[in-house]
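Structure data follow from final_17.pdb (PDB, C-alpha atoms):
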ATOM      1  CA  MET A   1       9.089 -36.123  27.884
ATOM      2  CA  GLU A   2      12.681 -36.651  28.980
ATOM      3  CA  PHE A   3      13.850 -39.027  31.690
ATOM      4  CA  GLY A   4      16.518 -38.502  34.316
ATOM      5  CA  ILE A   5      17.606 -39.773  37.696
ATOM      6  CA  SER A   6      17.317 -38.336  41.199
ATOM      7  CA  THR A   7      19.456 -39.828  43.951
ATOM      8  CA  PHE A   8      21.741 -39.386  46.952
ATOM      9  CA  ILE A   9      25.431 -39.709  46.104
ATOM     10  CA  THR A  10      27.315 -41.010  49.145
ATOM     11  CA  ASP A  11      30.657 -42.548  50.042
ATOM     12  CA  GLU A  12      28.971 -45.963  50.181
ATOM     13  CA  GLY A  13      27.229 -46.011  46.807
ATOM     14  CA  ILE A  14      28.217 -45.902  43.164
ATOM     15  CA  ALA A  15      30.897 -43.299  42.468
ATOM     16  CA  ALA A  16      29.724 -40.025  40.965
ATOM     17  CA  ALA A  17      31.762 -40.384  37.763
ATOM     18  CA  ASP A  18      30.638 -43.984  37.250
ATOM     19  CA  LEU A  19      27.037 -42.947  37.688
ATOM     20  CA  GLY A  20      27.382 -40.065  35.239
ATOM     21  CA  ARG A  21      28.889 -42.298  32.559
ATOM     22  CA  ALA A  22      26.204 -44.926  33.080
ATOM     23  CA  LEU A  23      23.392 -42.399  32.742
ATOM     24  CA  GLU A  24      24.716 -40.886  29.544
ATOM     25  CA  GLU A  25      25.357 -44.330  28.043
ATOM     26  CA  ARG A  26      21.693 -45.162  28.715
ATOM     27  CA  ASP A  27      20.449 -41.875  27.237
ATOM     28  CA  PHE A  28      19.110 -40.387  30.459
ATOM     29  CA  ASP A  29      19.133 -36.617  30.096
ATOM     30  CA  ALA A  30      19.662 -35.397  33.681
ATOM     31  CA  LEU A  31      20.962 -36.188  37.152
ATOM     32  CA  PHE A  32      19.618 -34.318  40.195
ATOM     33  CA  ILE A  33      21.269 -35.030  43.557
ATOM     34  CA  ALA A  34      20.351 -34.228  47.143
ATOM     35  CA  GLU A  35      22.267 -32.146  49.689
ATOM     36  CA  HIS A  36      22.732 -32.250  53.452
ATOM     37  CA  THR A  37      25.822 -30.649  54.979
ATOM     38  CA  HIS A  38      25.449 -32.776  58.118
ATOM     39  CA  ILE A  39      22.801 -34.447  60.271
ATOM     40  CA  PRO A  40      22.523 -33.252  63.882
ATOM     41  CA  ALA A  41      22.841 -36.032  66.451
ATOM     42  CA  SER A  42      19.811 -34.713  68.365
ATOM     43  CA  ARG A  43      17.320 -35.814  65.671
ATOM     44  CA  GLU A  44      14.584 -33.539  67.077
ATOM     45  CA  THR A  45      12.941 -32.752  63.734
ATOM     46  CA  PRO A  46      10.880 -35.732  62.536
ATOM     47  CA  TYR A  47      11.830 -37.210  59.181
ATOM     48  CA  PRO A  48       9.100 -36.147  56.703
ATOM     49  CA  GLY A  49       9.032 -39.652  55.241
ATOM     50  CA  GLY A  50       8.201 -41.154  58.634
ATOM     51  CA  GLY A  51      10.243 -43.520  60.766
ATOM     52  CA  ASP A  52      14.005 -43.399  61.168
ATOM     53  CA  LEU A  53      16.089 -41.137  58.985
ATOM     54  CA  PRO A  54      17.680 -43.263  56.230
ATOM     55  CA  ARG A  55      21.439 -43.808  56.380
ATOM     56  CA  ILE A  56      22.005 -41.975  53.079
ATOM     57  CA  TYR A  57      21.144 -38.631  54.699
ATOM     58  CA  TYR A  58      24.181 -38.920  56.949
ATOM     59  CA  ARG A  59      26.622 -39.632  54.147
ATOM     60  CA  THR A  60      25.884 -37.332  51.205
ATOM     61  CA  LEU A  61      28.787 -35.875  49.254
ATOM     62  CA  ASP A  62      28.912 -32.158  48.592
ATOM     63  CA  PRO A  63      26.668 -31.748  45.526
ATOM     64  CA  PHE A  64      28.917 -29.372  43.595
ATOM     65  CA  VAL A  65      31.999 -31.536  44.073
ATOM     66  CA  ALA A  66      30.045 -34.646  43.015
ATOM     67  CA  LEU A  67      28.434 -32.925  40.024
ATOM     68  CA  THR A  68      31.798 -31.602  38.861
ATOM     69  CA  ALA A  69      33.030 -35.204  38.730
ATOM     70  CA  VAL A  70      29.925 -36.112  36.724
ATOM     71  CA  ALA A  71      30.293 -33.152  34.365
ATOM     72  CA  ALA A  72      33.931 -34.015  33.665
ATOM     73  CA  VAL A  73      33.055 -37.449  32.232
ATOM     74  CA  THR A  74      29.858 -36.547  30.351
ATOM     75  CA  GLU A  75      28.969 -34.315  27.412
ATOM     76  CA  ARG A  76      25.173 -34.001  27.366
ATOM     77  CA  LEU A  77      23.877 -34.838  30.835
ATOM     78  CA  VAL A  78      22.162 -32.013  32.744
ATOM     79  CA  VAL A  79      23.722 -31.800  36.221
ATOM     80  CA  GLY A  80      21.318 -30.551  38.861
ATOM     81  CA  THR A  81      20.844 -30.077  42.584
ATOM     82  CA  GLY A  82      17.728 -31.617  44.011
ATOM     83  CA  ILE A  83      17.724 -29.620  46.172
ATOM     84  CA  ALA A  84      20.525 -27.255  47.226
ATOM     85  CA  LEU A  85      19.883 -25.944  50.722
ATOM     86  CA  VAL A  86      20.396 -22.247  50.041
ATOM     87  CA  ILE A  87      19.439 -21.450  53.642
ATOM     88  CA  GLU A  88      22.662 -23.157  54.724
ATOM     89  CA  ARG A  89      24.920 -21.551  52.116
ATOM     90  CA  ASP A  90      26.815 -18.296  51.760
ATOM     91  CA  PRO A  91      25.352 -16.652  48.636
ATOM     92  CA  ILE A  92      28.637 -15.253  47.282
ATOM     93  CA  THR A  93      30.388 -18.620  47.565
ATOM     94  CA  THR A  94      27.396 -20.518  46.194
ATOM     95  CA  ALA A  95      27.077 -18.157  43.236
ATOM     96  CA  LYS A  96      30.717 -18.917  42.362
ATOM     97  CA  GLU A  97      30.182 -22.682  42.734
ATOM     98  CA  VAL A  98      27.121 -22.693  40.480
ATOM     99  CA  ALA A  99      28.798 -20.495  37.864
ATOM    100  CA  SER A 100      32.017 -22.543  37.966
ATOM    101  CA  LEU A 101      30.082 -25.774  37.445
ATOM    102  CA  ASP A 102      28.183 -24.178  34.569
ATOM    103  CA  VAL A 103      31.484 -23.225  32.929
ATOM    104  CA  ILE A 104      33.075 -26.652  33.495
ATOM    105  CA  SER A 105      29.972 -28.457  32.180
ATOM    106  CA  GLY A 106      29.565 -26.172  29.176
ATOM    107  CA  GLY A 107      26.221 -24.794  30.361
ATOM    108  CA  ARG A 108      24.495 -27.902  31.705
ATOM    109  CA  VAL A 109      23.565 -26.827  35.248
ATOM    110  CA  ALA A 110      20.041 -26.880  36.695
ATOM    111  CA  PHE A 111      20.025 -25.188  40.102
ATOM    112  CA  GLY A 112      17.328 -26.863  42.184
ATOM    113  CA  VAL A 113      16.626 -25.013  45.435
ATOM    114  CA  GLY A 114      14.447 -25.366  48.506
ATOM    115  CA  ALA A 115      14.001 -24.125  52.059
ATOM    116  CA  GLY A 116      14.754 -27.435  53.780
ATOM    117  CA  TRP A 117      13.039 -29.294  56.630
ATOM    118  CA  ASN A 118      15.655 -30.167  59.287
ATOM    119  CA  ARG A 119      15.448 -27.339  61.788
ATOM    120  CA  GLU A 120      18.487 -28.361  63.848
ATOM    121  CA  GLU A 121      20.591 -28.588  60.700
ATOM    122  CA  MET A 122      19.720 -25.072  59.600
ATOM    123  CA  ARG A 123      20.174 -23.654  63.098
ATOM    124  CA  ASN A 124      23.755 -24.950  63.073
ATOM    125  CA  HIS A 125      24.306 -22.664  60.075
ATOM    126  CA  GLY A 126      22.902 -19.684  61.974
ATOM    127  CA  THR A 127      19.518 -19.822  60.217
ATOM    128  CA  ASP A 128      16.288 -19.168  62.093
ATOM    129  CA  PRO A 129      13.769 -21.755  60.828
ATOM    130  CA  ALA A 130      10.953 -19.201  61.187
ATOM    131  CA  THR A 131      12.508 -16.891  58.582
ATOM    132  CA  ARG A 132      14.238 -19.416  56.332
ATOM    133  CA  GLY A 133      11.932 -18.745  53.384
ATOM    134  CA  ALA A 134      12.642 -15.022  53.362
ATOM    135  CA  LEU A 135      16.345 -15.754  53.783
ATOM    136  CA  MET A 136      16.337 -18.121  50.801
ATOM    137  CA  ASP A 137      14.503 -15.627  48.617
ATOM    138  CA  GLU A 138      16.974 -12.882  49.409
ATOM    139  CA  ARG A 139      20.036 -15.067  48.895
ATOM    140  CA  ILE A 140      18.768 -16.177  45.502
ATOM    141  CA  ARG A 141      18.113 -12.590  44.447
ATOM    142  CA  ALA A 142      21.648 -11.723  45.534
ATOM    143  CA  MET A 143      23.080 -14.629  43.528
ATOM    144  CA  ARG A 144      21.180 -13.548  40.451
ATOM    145  CA  GLU A 145      22.754 -10.104  40.823
ATOM    146  CA  ILE A 146      26.234 -11.652  41.085
ATOM    147  CA  TRP A 147      25.655 -13.794  37.986
ATOM    148  CA  THR A 148      24.298 -11.002  35.810
ATOM    149  CA  ALA A 149      26.097  -7.804  36.840
ATOM    150  CA  GLU A 150      29.736  -6.985  36.127
ATOM    151  CA  THR A 151      29.793  -5.050  39.374
ATOM    152  CA  ALA A 152      27.302  -6.665  41.762
ATOM    153  CA  GLU A 153      25.810  -4.940  44.779
ATOM    154  CA  PHE A 154      23.056  -6.042  47.142
ATOM    155  CA  HIS A 155      21.518  -4.536  50.251
ATOM    156  CA  GLY A 156      18.799  -6.496  52.000
ATOM    157  CA  GLN A 157      17.692  -7.625  55.438
ATOM    158  CA  TYR A 158      19.711 -10.854  55.377
ATOM    159  CA  VAL A 159      22.264 -10.264  52.608
ATOM    160  CA  ASP A 160      24.274  -7.076  52.405
ATOM    161  CA  PHE A 161      27.367  -6.314  50.356
ATOM    162  CA  ASP A 162      28.839  -3.283  48.622
ATOM    163  CA  PRO A 163      29.947  -3.495  44.959
ATOM    164  CA  ILE A 164      31.965  -6.633  44.202
ATOM    165  CA  TYR A 165      33.555  -8.358  41.213
ATOM    166  CA  ALA A 166      32.812 -12.065  40.957
ATOM    167  CA  TRP A 167      33.765 -14.371  38.114
ATOM    168  CA  PRO A 168      33.246 -16.657  36.328
ATOM    169  CA  LYS A 169      29.870 -15.698  34.995
ATOM    170  CA  PRO A 170      27.633 -18.623  33.999
ATOM    171  CA  VAL A 171      27.584 -19.929  30.449
ATOM    172  CA  GLN A 172      23.784 -20.024  30.446
ATOM    173  CA  GLN A 173      22.161 -16.631  30.095
ATOM    174  CA  PRO A 174      21.095 -14.830  32.097
ATOM    175  CA  HIS A 175      22.035 -17.669  34.498
ATOM    176  CA  PRO A 176      21.350 -21.391  35.033
ATOM    177  CA  PRO A 177      17.644 -22.161  35.461
ATOM    178  CA  ILE A 178      16.523 -22.066  39.083
ATOM    179  CA  TYR A 179      14.235 -25.037  39.731
ATOM    180  CA  VAL A 180      12.043 -24.327  42.750
ATOM    181  CA  GLY A 181      11.285 -27.379  44.883
ATOM    182  CA  GLY A 182       8.004 -27.825  46.745
ATOM    183  CA  GLU A 183       4.288 -27.744  46.103
ATOM    184  CA  SER A 184       3.042 -25.094  48.551
ATOM    185  CA  GLU A 185       1.437 -21.832  47.541
ATOM    186  CA  ARG A 186       4.675 -20.065  48.430
ATOM    187  CA  ALA A 187       6.719 -22.439  46.279
ATOM    188  CA  ILE A 188       4.408 -21.788  43.340
ATOM    189  CA  ALA A 189       4.781 -18.046  43.906
ATOM    190  CA  ARG A 190       8.578 -18.433  43.928
ATOM    191  CA  VAL A 191       8.485 -20.058  40.506
ATOM    192  CA  ALA A 192       6.760 -16.959  39.196
ATOM    193  CA  GLU A 193       9.167 -14.644  41.012
ATOM    194  CA  TYR A 194      12.525 -16.123  40.101
ATOM    195  CA  GLY A 195      12.183 -19.690  38.977
ATOM    196  CA  GLY A 196      13.419 -21.095  35.720
ATOM    197  CA  GLY A 197      11.628 -24.337  36.435
ATOM    198  CA  TRP A 198       9.497 -26.248  38.936
ATOM    199  CA  LEU A 199      10.644 -29.353  40.820
ATOM    200  CA  PRO A 200       7.636 -31.049  42.463
ATOM    201  CA  ARG A 201       7.958 -34.435  44.131
ATOM    202  CA  GLY A 202       6.609 -37.690  42.816
ATOM    203  CA  GLY A 203       3.337 -38.567  44.504
ATOM    204  CA  THR A 204       2.093 -34.972  44.486
ATOM    205  CA  LYS A 205      -1.707 -35.023  44.277
ATOM    206  CA  ASN A 206      -3.461 -33.297  41.376
ATOM    207  CA  LEU A 207      -0.130 -32.679  39.673
ATOM    208  CA  GLY A 208      -1.749 -31.857  36.345
ATOM    209  CA  ASP A 209      -3.811 -29.072  37.914
ATOM    210  CA  LEU A 210      -0.749 -27.745  39.723
ATOM    211  CA  VAL A 211       1.343 -27.709  36.533
ATOM    212  CA  ALA A 212      -1.323 -25.569  34.914
ATOM    213  CA  LYS A 213      -1.470 -23.332  37.988
ATOM    214  CA  VAL A 214       2.312 -22.840  38.071
ATOM    215  CA  ARG A 215       2.419 -21.883  34.411
ATOM    216  CA  ASP A 216      -0.602 -19.614  34.675
ATOM    217  CA  ARG A 217       0.886 -17.810  37.695
ATOM    218  CA  ALA A 218       4.262 -17.411  36.004
ATOM    219  CA  GLY A 219       2.787 -16.320  32.677
ATOM    220  CA  TRP A 220       4.969 -18.635  30.603
ATOM    221  CA  ARG A 221       5.497 -22.346  29.977
ATOM    222  CA  VAL A 222       7.633 -23.177  32.995
ATOM    223  CA  PRO A 223       9.697 -26.389  32.545
ATOM    224  CA  VAL A 224       8.604 -29.049  35.033
ATOM    225  CA  SER A 225      10.772 -31.921  36.296
ATOM    226  CA  VAL A 226       9.240 -34.378  38.763
ATOM    227  CA  TYR A 227      11.678 -35.447  41.471
ATOM    228  CA  ALA A 228      11.549 -39.121  42.530
ATOM    229  CA  ALA A 229       8.963 -39.990  39.904
ATOM    230  CA  PRO A 230       7.406 -43.407  40.535
ATOM    231  CA  ARG A 231       8.154 -46.202  38.093
ATOM    232  CA  ASP A 232       4.489 -46.713  37.304
ATOM    233  CA  PRO A 233       3.593 -46.628  33.592
ATOM    234  CA  ALA A 234       0.143 -45.188  34.321
ATOM    235  CA  VAL A 235       1.634 -42.376  36.392
ATOM    236  CA  ILE A 236       4.242 -41.652  33.709
ATOM    237  CA  ASP A 237       1.441 -41.415  31.138
ATOM    238  CA  SER A 238      -0.388 -38.961  33.391
ATOM    239  CA  TYR A 239       2.757 -36.829  33.631
ATOM    240  CA  ALA A 240       3.009 -36.684  29.858
ATOM    241  CA  ALA A 241      -0.645 -35.692  29.610
ATOM    242  CA  ALA A 242      -0.064 -32.948  32.194
ATOM    243  CA  GLY A 243       2.794 -31.452  30.176
ATOM    244  CA  VAL A 244       5.616 -32.541  32.476
ATOM    245  CA  ASP A 245       8.944 -32.096  30.696
ATOM    246  CA  ARG A 246      11.098 -34.536  32.656
ATOM    247  CA  ALA A 247      10.510 -37.461  35.011
ATOM    248  CA  LEU A 248      13.371 -38.084  37.425
ATOM    249  CA  PHE A 249      13.239 -41.704  38.566
ATOM    250  CA  TYR A 250      14.577 -42.248  42.063
ATOM    251  CA  LEU A 251      17.674 -44.440  42.161
ATOM    252  CA  PRO A 252      18.318 -45.943  45.609
ATOM    253  CA  THR A 253      21.918 -45.618  46.761
ATOM    254  CA  HIS A 254      23.761 -48.896  46.221
ATOM    255  CA  PRO A 255      27.233 -50.010  45.129
ATOM    256  CA  ARG A 256      28.067 -49.933  41.432
ATOM    257  CA  ASP A 257      26.804 -53.305  40.228
ATOM    258  CA  GLU A 258      23.431 -53.080  41.923
ATOM    259  CA  SER A 259      23.012 -49.476  40.791
ATOM    260  CA  LEU A 260      23.694 -50.444  37.173
ATOM    261  CA  ARG A 261      21.210 -53.299  37.374
ATOM    262  CA  ARG A 262      18.503 -50.958  38.610
ATOM    263  CA  LEU A 263      19.387 -48.372  35.987
ATOM    264  CA  ASP A 264      18.895 -50.976  33.277
ATOM    265  CA  GLU A 265      15.375 -51.625  34.564
ATOM    266  CA  MET A 266      14.608 -47.899  34.535
ATOM    267  CA  THR A 267      16.058 -47.568  31.042
ATOM    268  CA  GLU A 268      13.569 -50.064  29.673
ATOM    269  CA  LEU A 269      10.656 -48.173  31.223
ATOM    270  CA  ALA A 270      11.943 -44.862  29.848
ATOM    271  CA  LYS A 271      12.298 -46.318  26.368
ATOM    272  CA  ARG A 272       8.688 -47.496  26.402
ATOM    273  CA  HIS A 273       7.502 -43.964  27.164
ATOM    274  CA  SER A 274       9.874 -41.926  25.025
TER
END
Mind converting the file's structure to structure tokens?
Amino acid sequence: MEFGISTFITDEGIAAADLGRALEERDFDALFIAEHTHIPASRETPYPGGGDLPRIYYRTLDPFVALTAVAAVTERLVVGTGIALVIERDPITTAKEVASLDVISGGRVAFGVGAGWNREEMRNHGTDPATRGALMDERIRAMREIWTAETAEFHGQYVDFDPIYAWPKPVQQPHPPIYVGGESERAIARVAEYGGGWLPRGGTKNLGDLVAKVRDRAGWRVPVSVYAAPRDPAVIDSYAAAGVDRALFYLPTHPRDESLRRLDEMTELAKRHS
């Protein structure tokens, strides 16, 4: 089992390039970062974690800009979104961003996606929360067409464009793996439909049974990375027994020195379970 880091990169924490260097120096294999374009001032949608929304949500950097900085100073580290809010993104532009990052990184992108939870945030992008799942599915299918076809064309309910040329094409073939976030029945179905991986959250109950279910539904050994994996040796052992491929420890957002101190602690735990 490999070990990586999941985190929020903000303007108040460790710089993206510094974090990337530190992870590769410590032999972590991946970095997955969160995305929020903005946080509405209304705060109508309750925070799923309970209580007040943490400050980091208000201050996230654009994930593709941050991951480009990481990719530029690393050679092996997988650079991933955890998760990209496809429901808030133009699919033609996002397809170019993902492909460009895959080219710049030499084929190290993992495209983590999800339908999001903040209803006011998605409404500000013109997305109806009631149909966000169908919108995400269609946008991802359109992006796959752009990545794989020399002349791409797509006609759907939410995405519609006549033949277009769009380069660069991704280094990874047929395209970077799409890691589907979430543990619902629909999320599991999405892995089978278009996923190149599954991205459940740490703390998910009966994870071993769900890993087996995801792979059985998909009909192949889907790679599994656990987002915000707890730093509990017993839980890490259970992940290994369940066939999890990567545990992504959650790194709280702090300035450089404190971040490096915490990374050193996580490195020791990873070494004991490698």
Exercise. May I have the residues within 12 Å of Leu260 (chain A) as a PyMOL selection string, using all atoms listed in the file and disregarding those fewer than 5 positions away in the same chain?
Key: chain A and resi 13-15+18-23+25-26+251-255+265-267
Quiz prompt | Interatomic distance, CA of Val98 (chain A) to CA of Pro40 (chain A) (Å, one decimal) | solution = 26.1 Å
Quiz prompt | Between CA of Ile178 (chain A) and CA of Ala16 (chain A), distance in Å (one decimal) | solution = 22.4 Å
Which residues of region 79-141 of chain A come within 12 Å of region 58-64 of chain A, and for each one, what is the closest pair of atoms and their distance in Å to one decimal, counting all atoms listed in the file, sorted by chain and residue number, as CSV?
residue,atom,partner,partner_atom,distance
A:Val79,CA,A:Phe64,CA,9.3
A:Gly80,CA,A:Pro63,CA,8.6
A:Thr81,CA,A:Pro63,CA,6.7
A:Gly82,CA,A:Pro63,CA,9.1
A:Ile83,CA,A:Pro63,CA,9.2
A:Ala84,CA,A:Pro63,CA,7.8
A:Leu85,CA,A:Pro63,CA,10.3
A:Arg89,CA,A:Asp62,CA,11.9
A:Thr93,CA,A:Phe64,CA,11.6
A:Thr94,CA,A:Phe64,CA,9.4
A:Ala95,CA,A:Phe64,CA,11.4
A:Lys96,CA,A:Phe64,CA,10.7
A:Glu97,CA,A:Phe64,CA,6.9
A:Val98,CA,A:Phe64,CA,7.6
A:Ala99,CA,A:Phe64,CA,10.6
A:Ser100,CA,A:Phe64,CA,9.4
A:Leu101,CA,A:Phe64,CA,7.2
A:Asp102,CA,A:Phe64,CA,10.4
A:Ile104,CA,A:Phe64,CA,11.3
A:Ser105,CA,A:Phe64,CA,11.5
A:Val109,CA,A:Phe64,CA,10.2
A:Ala110,CA,A:Phe64,CA,11.5
A:Phe111,CA,A:Phe64,CA,10.4
A:Gly112,CA,A:Pro63,CA,11.1
A:Glu121,CA,A:Tyr58,CA,11.6
Quiz prompt | Shell of 12 Å around region 149-159 of chain A, only C-alpha atoms, local chain residues under 3 positions omitted, as a PyMOL selection string | solution = chain A and resi 87+89-92+95+126-128+131-146+162-170+173-175
Missing atoms of region 153-175 of chain A rebuilt to N, CA and C atoms, written as an mmCIF file, in the coordinates of the input:
data_model
loop_
_atom_site.group_PDB
_atom_site.id
_atom_site.type_symbol
_atom_site.label_atom_id
_atom_site.label_comp_id
_atom_site.auth_asym_id
_atom_site.auth_seq_id
_atom_site.Cartn_x
_atom_site.Cartn_y
_atom_site.Cartn_z
ATOM 1 N N GLU A 153 26.031 -5.590 43.487
ATOM 2 C CA GLU A 153 25.810 -4.940 44.779
ATOM 3 C C GLU A 153 24.444 -5.367 45.284
ATOM 4 N N PHE A 154 24.351 -5.610 46.599
ATOM 5 C CA PHE A 154 23.056 -6.042 47.142
ATOM 6 C C PHE A 154 22.938 -5.570 48.589
ATOM 7 N N HIS A 155 21.778 -5.012 48.902
ATOM 8 C CA HIS A 155 21.518 -4.536 50.251
ATOM 9 C C HIS A 155 20.122 -4.978 50.676
ATOM 10 N N GLY A 156 20.076 -5.972 51.532
ATOM 11 C CA GLY A 156 18.799 -6.496 52.000
ATOM 12 C C GLY A 156 18.822 -6.714 53.493
ATOM 13 N N GLN A 157 17.786 -7.365 54.001
ATOM 14 C CA GLN A 157 17.692 -7.625 55.438
ATOM 15 C C GLN A 157 18.675 -8.705 55.873
ATOM 16 N N TYR A 158 18.873 -9.701 55.020
ATOM 17 C CA TYR A 158 19.711 -10.854 55.377
ATOM 18 C C TYR A 158 21.033 -10.898 54.603
ATOM 19 N N VAL A 159 21.061 -10.284 53.446
ATOM 20 C CA VAL A 159 22.264 -10.264 52.608
ATOM 21 C C VAL A 159 22.615 -8.810 52.335
ATOM 22 N N ASP A 160 23.884 -8.471 52.571
ATOM 23 C CA ASP A 160 24.274 -7.076 52.405
ATOM 24 C C ASP A 160 25.741 -7.009 51.984
ATOM 25 N N PHE A 161 25.981 -6.526 50.760
ATOM 26 C CA PHE A 161 27.367 -6.314 50.356
ATOM 27 C C PHE A 161 27.448 -5.139 49.383
ATOM 28 N N ASP A 162 28.537 -4.388 49.523
ATOM 29 C CA ASP A 162 28.839 -3.283 48.622
ATOM 30 C C ASP A 162 29.336 -3.855 47.295
ATOM 31 N N PRO A 163 29.573 -2.993 46.282
ATOM 32 C CA PRO A 163 29.947 -3.495 44.959
ATOM 33 C C PRO A 163 31.115 -4.484 44.989
ATOM 34 N N ILE A 164 30.941 -5.599 44.269
ATOM 35 C CA ILE A 164 31.965 -6.633 44.202
ATOM 36 C C ILE A 164 32.138 -7.092 42.753
ATOM 37 N N TYR A 165 33.311 -7.657 42.467
ATOM 38 C CA TYR A 165 33.555 -8.358 41.213
ATOM 39 C C TYR A 165 33.558 -9.848 41.527
ATOM 40 N N ALA A 166 32.863 -10.622 40.728
ATOM 41 C CA ALA A 166 32.812 -12.065 40.957
ATOM 42 C C ALA A 166 32.720 -12.791 39.621
ATOM 43 N N TRP A 167 33.733 -13.532 39.304
ATOM 44 C CA TRP A 167 33.765 -14.371 38.114
ATOM 45 C C TRP A 167 34.097 -15.795 38.528
ATOM 46 N N PRO A 168 33.774 -16.784 37.690
ATOM 47 C CA PRO A 168 33.246 -16.657 36.328
ATOM 48 C C PRO A 168 31.760 -16.338 36.329
ATOM 49 N N LYS A 169 31.298 -15.813 35.212
ATOM 50 C CA LYS A 169 29.870 -15.698 34.995
ATOM 51 C C LYS A 169 29.391 -17.006 34.349
ATOM 52 N N PRO A 170 28.135 -17.378 34.575
ATOM 53 C CA PRO A 170 27.633 -18.623 33.999
ATOM 54 C C PRO A 170 27.637 -18.603 32.476
ATOM 55 N N VAL A 171 27.727 -19.786 31.894
ATOM 56 C CA VAL A 171 27.584 -19.929 30.449
ATOM 57 C C VAL A 171 26.146 -19.655 30.034
ATOM 58 N N GLN A 172 25.198 -20.214 30.772
ATOM 59 C CA GLN A 172 23.784 -20.024 30.446
ATOM 60 C C GLN A 172 23.376 -18.600 30.787
ATOM 61 N N GLN A 173 22.580 -18.017 29.916
ATOM 62 C CA GLN A 173 22.161 -16.631 30.095
ATOM 63 C C GLN A 173 20.653 -16.541 30.323
ATOM 64 N N PRO A 174 20.234 -15.693 31.285
ATOM 65 C CA PRO A 174 21.095 -14.830 32.097
ATOM 66 C C PRO A 174 21.843 -15.592 33.206
ATOM 67 N N HIS A 175 21.372 -16.825 33.504
ATOM 68 C CA HIS A 175 22.035 -17.669 34.498
ATOM 69 C C HIS A 175 21.395 -19.051 34.415
#
